[in-house]
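Here is data17.cif, consisting of mmCIF, C-alpha atoms:
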```cif
data_protein
#
loop_
_atom_site.group_PDB
_atom_site.id
_atom_site.type_symbol
_atom_site.label_atom_id
_atom_site.label_comp_id
_atom_site.auth_asym_id
_atom_site.auth_seq_id
_atom_site.Cartn_x
_atom_site.Cartn_y
_atom_site.Cartn_z
ATOM 1 C CA MET A 1 -29.668 1.985 36.032
ATOM 2 C CA ALA A 2 -31.147 5.458 36.357
ATOM 3 C CA VAL A 3 -28.814 8.418 35.915
ATOM 4 C CA GLN A 4 -29.417 11.517 37.972
ATOM 5 C CA LEU A 5 -29.534 14.765 36.048
ATOM 6 C CA PRO A 6 -27.493 16.861 35.615
ATOM 7 C CA VAL A 7 -24.931 14.230 34.699
ATOM 8 C CA LYS A 8 -21.485 14.306 36.274
ATOM 9 C CA HIS A 9 -18.558 14.482 33.893
ATOM 10 C CA THR A 10 -17.183 11.216 35.356
ATOM 11 C CA ILE A 11 -20.372 9.405 34.270
ATOM 12 C CA VAL A 12 -20.060 10.850 30.765
ATOM 13 C CA ALA A 13 -16.448 9.691 30.539
ATOM 14 C CA LEU A 14 -17.501 6.196 31.633
ATOM 15 C CA TYR A 15 -20.232 6.240 28.988
ATOM 16 C CA VAL A 16 -17.663 7.047 26.273
ATOM 17 C CA ALA A 17 -15.528 4.095 27.367
ATOM 18 C CA HIS A 18 -18.590 1.815 27.504
ATOM 19 C CA ALA A 19 -19.813 2.893 24.065
ATOM 20 C CA HIS A 20 -16.339 2.294 22.637
ATOM 21 C CA ASN A 21 -16.291 -1.227 24.128
ATOM 22 C CA LEU A 22 -19.648 -1.851 22.441
ATOM 23 C CA LYS A 23 -17.939 -0.864 19.166
ATOM 24 C CA PHE A 24 -20.093 2.205 18.615
ATOM 25 C CA ALA A 25 -18.847 4.349 15.750
ATOM 26 C CA ASN A 26 -17.134 7.567 16.802
ATOM 27 C CA SER A 27 -19.826 9.506 14.953
ATOM 28 C CA THR A 28 -22.512 7.752 17.030
ATOM 29 C CA ILE A 29 -20.734 8.564 20.292
ATOM 30 C CA ALA A 30 -20.380 12.177 19.167
ATOM 31 C CA SER A 31 -24.128 12.376 18.410
ATOM 32 C CA HIS A 32 -24.999 11.054 21.856
ATOM 33 C CA LEU A 33 -22.643 13.509 23.538
ATOM 34 C CA SER A 34 -24.148 16.296 21.496
ATOM 35 C CA ALA A 35 -27.600 15.419 22.842
ATOM 36 C CA ILE A 36 -26.255 15.404 26.410
ATOM 37 C CA ALA A 37 -24.601 18.776 25.869
ATOM 38 C CA TYR A 38 -27.804 20.217 24.384
ATOM 39 C CA TRP A 39 -29.982 19.098 27.333
ATOM 40 C CA HIS A 40 -27.574 20.603 29.878
ATOM 41 C CA SER A 41 -27.325 23.860 27.967
ATOM 42 C CA LEU A 42 -31.110 24.042 27.589
ATOM 43 C CA HIS A 43 -31.561 23.753 31.366
ATOM 44 C CA GLY A 44 -28.746 26.108 32.301
ATOM 45 C CA PHE A 45 -26.306 23.485 33.565
ATOM 46 C CA ALA A 46 -22.602 23.276 32.861
ATOM 47 C CA ASP A 47 -21.797 21.065 29.874
ATOM 48 C CA PRO A 48 -20.111 17.885 31.224
ATOM 49 C CA THR A 49 -18.915 16.874 27.748
ATOM 50 C CA LYS A 50 -16.473 19.768 27.766
ATOM 51 C CA SER A 51 -14.539 18.555 30.799
ATOM 52 C CA PHE A 52 -10.889 17.576 30.465
ATOM 53 C CA LEU A 53 -11.612 13.960 31.453
ATOM 54 C CA VAL A 54 -14.354 13.531 28.844
ATOM 55 C CA ARG A 55 -12.281 15.139 26.087
ATOM 56 C CA LYS A 56 -9.420 12.742 26.871
ATOM 57 C CA ALA A 57 -11.832 9.793 26.794
ATOM 58 C CA ILE A 58 -13.136 10.914 23.395
ATOM 59 C CA ARG A 59 -9.615 11.275 22.031
ATOM 60 C CA GLY A 60 -8.641 7.874 23.383
ATOM 61 C CA ALA A 61 -11.673 6.186 21.816
ATOM 62 C CA ALA A 62 -10.904 7.835 18.475
ATOM 63 C CA SER A 63 -7.259 6.721 18.514
ATOM 64 C CA LEU A 64 -8.215 3.136 19.394
ATOM 65 C CA ALA A 65 -10.984 2.902 16.809
ATOM 66 C CA PRO A 66 -10.154 0.526 13.940
ATOM 67 C CA THR A 67 -9.323 2.073 10.600
ATOM 68 C CA TYR A 68 -10.493 0.506 7.379
ATOM 69 C CA ASP A 69 -8.310 0.264 4.301
ATOM 70 C CA ILE A 70 -10.574 0.676 1.270
ATOM 71 C CA ARG A 71 -7.788 -0.183 -1.167
ATOM 72 C CA LEU A 72 -8.333 -3.412 -3.058
ATOM 73 C CA PRO A 73 -5.537 -5.826 -3.995
ATOM 74 C CA ILE A 74 -4.247 -6.241 -7.513
ATOM 75 C CA THR A 75 -4.841 -9.986 -7.954
ATOM 76 C CA LEU A 76 -2.968 -12.072 -10.509
ATOM 77 C CA PRO A 77 -5.924 -12.047 -12.982
ATOM 78 C CA ILE A 78 -6.203 -8.266 -12.618
ATOM 79 C CA LEU A 79 -2.438 -7.905 -13.093
ATOM 80 C CA GLU A 80 -2.708 -9.900 -16.315
ATOM 81 C CA ARG A 81 -5.558 -7.669 -17.524
ATOM 82 C CA LEU A 82 -3.638 -4.490 -16.722
ATOM 83 C CA CYS A 83 -0.514 -5.711 -18.511
ATOM 84 C CA SER A 84 -2.588 -6.697 -21.536
ATOM 85 C CA ALA A 85 -4.123 -3.203 -21.582
ATOM 86 C CA VAL A 86 -0.781 -1.367 -21.650
ATOM 87 C CA PRO A 87 -0.179 -1.634 -25.452
ATOM 88 C CA THR A 88 -3.614 -0.115 -25.994
ATOM 89 C CA ILE A 89 -2.837 2.787 -23.669
ATOM 90 C CA LEU A 90 0.718 3.526 -24.849
ATOM 91 C CA ASN A 91 2.224 3.661 -28.342
ATOM 92 C CA ASN A 92 5.881 3.778 -27.299
ATOM 93 C CA VAL A 93 7.222 0.212 -27.129
ATOM 94 C CA VAL A 94 9.943 1.053 -24.588
ATOM 95 C CA GLN A 95 7.379 2.633 -22.262
ATOM 96 C CA GLN A 96 5.094 -0.349 -22.752
ATOM 97 C CA ASN A 97 7.835 -2.678 -21.552
ATOM 98 C CA LEU A 98 8.719 -0.321 -18.703
ATOM 99 C CA VAL A 99 5.155 -0.118 -17.361
ATOM 100 C CA VAL A 100 4.572 -3.875 -17.617
ATOM 101 C CA ALA A 101 7.857 -4.460 -15.772
ATOM 102 C CA VAL A 102 6.909 -1.964 -13.044
ATOM 103 C CA PHE A 103 3.539 -3.662 -12.571
ATOM 104 C CA ALA A 104 5.112 -7.132 -12.392
ATOM 105 C CA VAL A 105 8.025 -6.178 -10.125
ATOM 106 C CA ALA A 106 5.771 -4.235 -7.750
ATOM 107 C CA PHE A 107 3.448 -7.243 -7.485
ATOM 108 C CA TYR A 108 5.904 -10.126 -7.226
ATOM 109 C CA SER A 109 8.504 -8.390 -5.033
ATOM 110 C CA LEU A 110 5.908 -6.556 -2.902
ATOM 111 C CA ALA A 111 7.543 -3.267 -3.784
ATOM 112 C CA ARG A 112 6.359 0.171 -2.856
ATOM 113 C CA ILE A 113 6.019 2.252 -6.009
ATOM 114 C CA GLY A 114 8.246 4.908 -4.440
ATOM 115 C CA GLU A 115 11.067 2.345 -4.251
ATOM 116 C CA LEU A 116 10.947 1.875 -8.021
ATOM 117 C CA LEU A 117 10.011 5.263 -9.444
ATOM 118 C CA GLY A 118 11.216 8.804 -8.879
ATOM 119 C CA HIS A 119 9.475 11.731 -7.253
ATOM 120 C CA CYS A 120 9.227 15.039 -9.060
ATOM 121 C CA SER A 121 10.268 17.077 -6.025
ATOM 122 C CA LEU A 122 13.538 18.966 -6.348
ATOM 123 C CA GLY A 123 16.412 17.589 -4.362
ATOM 124 C CA THR A 124 15.260 13.984 -4.567
ATOM 125 C CA SER A 125 18.302 11.830 -5.218
ATOM 126 C CA PRO A 126 18.064 9.439 -8.206
ATOM 127 C CA LYS A 127 19.791 6.895 -5.959
ATOM 128 C CA LYS A 128 16.713 6.690 -3.724
ATOM 129 C CA VAL A 129 15.168 4.245 -6.195
ATOM 130 C CA VAL A 130 16.342 0.805 -7.332
ATOM 131 C CA GLN A 131 19.342 1.060 -9.661
ATOM 132 C CA LEU A 132 20.160 -0.982 -12.747
ATOM 133 C CA ASP A 133 23.114 -2.544 -10.919
ATOM 134 C CA ASP A 134 20.735 -3.698 -8.170
ATOM 135 C CA VAL A 135 19.273 -6.383 -10.459
ATOM 136 C CA THR A 136 20.901 -9.700 -11.360
ATOM 137 C CA PHE A 137 19.445 -12.628 -13.298
ATOM 138 C CA GLU A 138 19.875 -16.382 -13.003
ATOM 139 C CA ALA A 139 19.330 -18.715 -15.953
ATOM 140 C CA ASP A 140 19.441 -22.406 -16.681
ATOM 141 C CA GLY A 141 20.913 -22.370 -20.157
ATOM 142 C CA ALA A 142 18.740 -20.007 -22.179
ATOM 143 C CA VAL A 143 15.835 -20.147 -19.687
ATOM 144 C CA LEU A 144 15.529 -17.382 -17.083
ATOM 145 C CA LYS A 145 14.822 -18.892 -13.677
ATOM 146 C CA ARG A 146 14.896 -16.032 -11.196
ATOM 147 C CA MET A 147 16.318 -12.621 -10.444
ATOM 148 C CA HIS A 148 17.569 -10.856 -7.351
ATOM 149 C CA ILE A 149 16.651 -7.245 -6.595
ATOM 150 C CA THR A 150 18.601 -5.289 -4.015
ATOM 151 C CA TYR A 151 16.552 -2.701 -2.150
ATOM 152 C CA ARG A 152 18.765 -0.146 -0.438
ATOM 153 C CA GLU A 153 16.343 2.683 0.326
ATOM 154 C CA PHE A 154 13.081 1.581 1.894
ATOM 155 C CA LYS A 155 10.761 2.432 4.763
ATOM 156 C CA HIS A 156 11.972 1.502 8.270
ATOM 157 C CA ASN A 157 15.471 0.644 7.012
ATOM 158 C CA ILE A 158 17.091 2.090 10.111
ATOM 159 C CA SER A 159 20.252 0.015 9.765
ATOM 160 C CA GLY A 160 20.863 1.205 6.202
ATOM 161 C CA LYS A 161 21.753 -2.328 5.129
ATOM 162 C CA PRO A 162 20.676 -3.461 1.639
ATOM 163 C CA HIS A 163 17.943 -6.074 1.382
ATOM 164 C CA VAL A 164 18.121 -8.651 -1.420
ATOM 165 C CA ILE A 165 14.834 -10.101 -2.699
ATOM 166 C CA PRO A 166 14.793 -13.295 -4.796
ATOM 167 C CA VAL A 167 11.992 -13.255 -7.372
ATOM 168 C CA GLU A 168 11.105 -16.481 -9.151
ATOM 169 C CA ALA A 169 10.006 -16.619 -12.778
ATOM 170 C CA ASN A 170 6.338 -17.357 -13.445
ATOM 171 C CA THR A 171 6.262 -19.068 -16.828
ATOM 172 C CA THR A 172 2.536 -19.804 -16.598
ATOM 173 C CA SER A 173 1.573 -16.134 -16.796
ATOM 174 C CA ASN A 174 2.148 -13.295 -19.250
ATOM 175 C CA THR A 175 3.157 -11.229 -16.213
ATOM 176 C CA CYS A 176 6.387 -13.111 -15.447
ATOM 177 C CA PRO A 177 8.426 -10.516 -13.517
ATOM 178 C CA VAL A 178 11.767 -11.954 -14.601
ATOM 179 C CA THR A 179 10.965 -11.997 -18.309
ATOM 180 C CA SER A 180 9.193 -8.619 -18.142
ATOM 181 C CA LEU A 181 12.122 -6.890 -16.472
ATOM 182 C CA TYR A 182 14.691 -8.623 -18.685
ATOM 183 C CA ASN A 183 12.856 -7.511 -21.834
ATOM 184 C CA TYR A 184 12.680 -3.934 -20.558
ATOM 185 C CA ILE A 185 16.376 -3.811 -19.663
ATOM 186 C CA LYS A 186 17.314 -4.997 -23.173
ATOM 187 C CA MET A 187 15.521 -1.919 -24.537
ATOM 188 C CA ARG A 188 16.673 0.366 -21.745
ATOM 189 C CA GLY A 189 20.366 -0.224 -22.340
ATOM 190 C CA SER A 190 23.239 -0.611 -19.914
ATOM 191 C CA SER A 191 23.765 3.018 -18.904
ATOM 192 C CA PRO A 192 24.177 3.219 -15.102
ATOM 193 C CA GLY A 193 21.564 4.871 -12.961
ATOM 194 C CA ALA A 194 17.991 4.268 -11.962
ATOM 195 C CA LEU A 195 16.469 1.002 -13.164
ATOM 196 C CA PHE A 196 13.373 2.656 -14.633
ATOM 197 C CA ILE A 197 14.228 5.786 -16.610
ATOM 198 C CA ASP A 198 12.491 8.250 -18.893
ATOM 199 C CA GLU A 199 13.608 9.561 -22.286
ATOM 200 C CA LEU A 200 16.204 11.818 -20.633
ATOM 201 C CA GLY A 201 17.737 9.053 -18.550
ATOM 202 C CA GLN A 202 16.175 10.343 -15.330
ATOM 203 C CA PRO A 203 14.181 8.185 -12.888
ATOM 204 C CA PHE A 204 10.776 7.544 -14.449
ATOM 205 C CA PRO A 205 8.346 9.892 -12.646
ATOM 206 C CA ARG A 206 5.961 8.257 -10.226
ATOM 207 C CA ALA A 207 3.204 10.723 -11.134
ATOM 208 C CA ARG A 208 3.496 9.729 -14.777
ATOM 209 C CA SER A 209 3.231 6.061 -13.880
ATOM 210 C CA GLU A 210 0.174 6.730 -11.708
ATOM 211 C CA SER A 211 -1.524 8.470 -14.633
ATOM 212 C CA ILE A 212 -0.836 5.482 -16.897
ATOM 213 C CA THR A 213 -2.061 3.089 -14.198
ATOM 214 C CA ARG A 214 -5.342 5.009 -13.873
ATOM 215 C CA ARG A 215 -5.859 4.831 -17.639
ATOM 216 C CA CYS A 216 -5.261 1.067 -17.557
ATOM 217 C CA LEU A 217 -7.707 0.690 -14.665
ATOM 218 C CA VAL A 218 -10.369 2.657 -16.534
ATOM 219 C CA PHE A 219 -9.754 0.579 -19.661
ATOM 220 C CA CYS A 220 -10.260 -2.592 -17.584
ATOM 221 C CA ASP A 221 -13.400 -1.105 -16.005
ATOM 222 C CA LEU A 222 -11.888 -1.118 -12.510
ATOM 223 C CA ASP A 223 -12.562 1.400 -9.734
ATOM 224 C CA VAL A 224 -9.725 3.955 -9.660
ATOM 225 C CA ALA A 225 -10.846 4.992 -6.163
ATOM 226 C CA ARG A 226 -10.214 1.499 -4.790
ATOM 227 C CA TYR A 227 -7.113 0.477 -6.747
ATOM 228 C CA LYS A 228 -3.988 2.477 -5.984
ATOM 229 C CA GLY A 229 -0.253 2.050 -6.476
ATOM 230 C CA HIS A 230 -0.057 0.261 -3.130
ATOM 231 C CA SER A 231 -2.613 -2.262 -4.400
ATOM 232 C CA PHE A 232 0.253 -4.090 -6.134
ATOM 233 C CA ARG A 233 2.003 -4.579 -2.772
ATOM 234 C CA ILE A 234 -1.258 -5.603 -1.082
ATOM 235 C CA GLY A 235 -2.001 -8.015 -3.906
ATOM 236 C CA GLY A 236 1.511 -9.423 -3.847
ATOM 237 C CA ALA A 237 1.271 -10.154 -0.128
ATOM 238 C CA SER A 238 -2.132 -11.821 -0.599
ATOM 239 C CA TYR A 239 -0.780 -13.846 -3.540
ATOM 240 C CA ALA A 240 2.211 -15.015 -1.482
ATOM 241 C CA ALA A 241 -0.081 -16.046 1.387
ATOM 242 C CA ALA A 242 -2.333 -17.965 -1.001
ATOM 243 C CA LYS A 243 0.757 -19.730 -2.427
ATOM 244 C CA GLY A 244 1.596 -20.994 1.059
ATOM 245 C CA PHE A 245 4.411 -18.622 1.999
ATOM 246 C CA THR A 246 5.034 -18.530 5.736
ATOM 247 C CA ASP A 247 4.658 -15.337 7.759
ATOM 248 C CA ALA A 248 8.438 -15.129 8.035
ATOM 249 C CA GLN A 249 8.854 -15.453 4.267
ATOM 250 C CA ILE A 250 6.269 -12.761 3.533
ATOM 251 C CA ARG A 251 7.771 -10.477 6.148
ATOM 252 C CA LEU A 252 11.216 -10.923 4.582
ATOM 253 C CA LEU A 253 9.937 -10.509 1.030
ATOM 254 C CA GLY A 254 8.063 -7.302 1.825
ATOM 255 C CA ARG A 255 10.774 -5.933 4.148
ATOM 256 C CA TRP A 256 8.434 -5.678 7.135
ATOM 257 C CA LYS A 257 9.935 -5.520 10.619
ATOM 258 C CA THR A 258 6.686 -6.644 12.299
ATOM 259 C CA ASP A 259 3.515 -8.558 11.449
ATOM 260 C CA ALA A 260 1.945 -5.376 10.066
ATOM 261 C CA PHE A 261 1.729 -7.134 6.698
ATOM 262 C CA LYS A 262 -1.164 -9.250 8.002
ATOM 263 C CA ARG A 263 -3.582 -6.371 7.541
ATOM 264 C CA TYR A 264 -2.719 -6.476 3.818
ATOM 265 C CA ILE A 265 -3.765 -10.095 3.340
ATOM 266 C CA ARG A 266 -7.061 -10.103 1.461
ATOM 267 C CA SER A 267 -9.467 -12.901 0.671
ATOM 268 C CA PRO A 268 -9.118 -14.345 -2.866
ATOM 269 C CA SER A 269 -12.825 -13.591 -3.355
ATOM 270 C CA LEU A 270 -11.957 -9.907 -3.549
#
```
Translate this structure into structure tokens?
Amino acid sequence: MAVQLPVKHTIVALYVAHAHNLKFANSTIASHLSAIAYWHSLHGFADPTKSFLVRKAIRGAASLAPTYDIRLPITLPILERLCSAVPTILNNVVQQNLVVAVFAVAFYSLARIGELLGHCSLGTSPKKVVQLDDVTFEADGAVLKRMHITYREFKHNISGKPHVIPVEANTTSNTCPVTSLYNYIKMRGSSPGALFIDELGQPFPRARSESITRRCLVFCDLDVARYKGHSFRIGGASYAAAKGFTDAQIRLLGRWKTDAFKRYIRSPSL
């Protein structure tokens, strides 16, 4: 179909919608519009790409364009490697146990790092993170079977009701979350307050944990640009899916209100 020049702004708006339906990248659409604008300017015509209708079409295409999450999941083998690297990175035994427990709890309970560790900003309440009293253990004789973690402060918790997560022991891995957390708490002591604390008894800083995580990633020759704190949650969701958890179980475990968790599920090949 031939287009008469100069082009009407309605035709340009229709082109933007058509290009979006063809899954053109926003940068490609912008390049094409730039060429149209240049031709009209060169010949003394009004620029149709500047019209209100076209600008709205461009904004709509941009908002509907898919976004790509470059973060990779922490898989169980990677989790085991990271935990094994911790004693090489840190000399303090208490901190070693703390970091391994954070890694394991974040993975197996699909926790956001901000739910476990404190922010350095002034005015942040220590009660925003999981507390020592929020953890209980179940044992069969001398064998730890599972634990329950109560999350009280988490994203989208509009009702303000606490959410209890059961976490099963994994005796086949050196990353067992129940054993890891139990061993840390024995060293931590029974003083009330945040579950993960520093030398002063304050919530262990998230920034400090992120620095340690980066050092572990580098030690394991992993890409620090692709593995972030949220990679534990992404990996945990993928692990649960691979283990046969239902959508409802994963949604409950990760405290999702919708099926948004599905975009976290990654192929085991990753």
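Distances here use only C-alpha atoms; by that measure, the residue among A:His119, A:Leu98, A:Lys186, A:Thr136 closest to A:Asp198 is A:Leu98.
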List, as a PDB file with C-alpha atoms, in the frame of the given file, every residue that the PyMOL selection byres ((chain A and resi 225-229) around 10) selects in the file provided.
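The result, stored in expr.pdb:
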```pdb
ATOM      1  CA  ASP A  69      -8.310   0.264   4.301  1.00  0.00           C
ATOM      2  CA  ILE A  70     -10.574   0.676   1.270  1.00  0.00           C
ATOM      3  CA  ARG A  71      -7.788  -0.183  -1.167  1.00  0.00           C
ATOM      4  CA  LEU A  72      -8.333  -3.412  -3.058  1.00  0.00           C
ATOM      5  CA  PRO A  73      -5.537  -5.826  -3.995  1.00  0.00           C
ATOM      6  CA  ILE A  74      -4.247  -6.241  -7.513  1.00  0.00           C
ATOM      7  CA  PHE A 103       3.539  -3.662 -12.571  1.00  0.00           C
ATOM      8  CA  ALA A 106       5.771  -4.235  -7.750  1.00  0.00           C
ATOM      9  CA  ALA A 111       7.543  -3.267  -3.784  1.00  0.00           C
ATOM     10  CA  ARG A 112       6.359   0.171  -2.856  1.00  0.00           C
ATOM     11  CA  ILE A 113       6.019   2.252  -6.009  1.00  0.00           C
ATOM     12  CA  GLY A 114       8.246   4.908  -4.440  1.00  0.00           C
ATOM     13  CA  ARG A 206       5.961   8.257 -10.226  1.00  0.00           C
ATOM     14  CA  SER A 209       3.231   6.061 -13.880  1.00  0.00           C
ATOM     15  CA  GLU A 210       0.174   6.730 -11.708  1.00  0.00           C
ATOM     16  CA  THR A 213      -2.061   3.089 -14.198  1.00  0.00           C
ATOM     17  CA  ARG A 214      -5.342   5.009 -13.873  1.00  0.00           C
ATOM     18  CA  LEU A 217      -7.707   0.690 -14.665  1.00  0.00           C
ATOM     19  CA  LEU A 222     -11.888  -1.118 -12.510  1.00  0.00           C
ATOM     20  CA  ASP A 223     -12.562   1.400  -9.734  1.00  0.00           C
ATOM     21  CA  VAL A 224      -9.725   3.955  -9.660  1.00  0.00           C
ATOM     22  CA  HIS A 230      -0.057   0.261  -3.130  1.00  0.00           C
ATOM     23  CA  SER A 231      -2.613  -2.262  -4.400  1.00  0.00           C
ATOM     24  CA  PHE A 232       0.253  -4.090  -6.134  1.00  0.00           C
ATOM     25  CA  ARG A 233       2.003  -4.579  -2.772  1.00  0.00           C
ATOM     26  CA  ILE A 234      -1.258  -5.603  -1.082  1.00  0.00           C
TER      27      ILE A 234
END
```
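Counting only C-alpha atoms, the residue from A:Asn26, A:Ser51, A:Thr150, A:Thr172 that sits nearest to A:Asp134 is A:Thr150.
Around A:Trp39, within 12 Å and counting only C-alpha atoms, the residues found are Leu5, Pro6, Val7, His32, Leu33, Ser34, Gly44, Phe45, Ala46, Asp47, Pro48 and Thr49 of chain A, once anything fewer than 5 positions away on its own chain is removed.
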Just say which residues the PyMOL selection byres ((chain A and resi 178) around 10) picks in this file, as an MDAnalysis selection string.
chainID A and resid 101 104:105 108 136:138 144:148 167:171 175:177 179:183
Between atom CA of A:Val164 and atom CA of A:Ile78, what is the spacing in Å?
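Computing the Euclidean distance for atom CA of A:Ile78 and atom CA of A:Val164 yields 26.8 Å.
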Separation of atom CA of A:Pro166 and atom CA of A:Ile149, in Å?
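Answer for the atom CA of A:Pro166 to atom CA of A:Ile149 separation: 6.6 Å.
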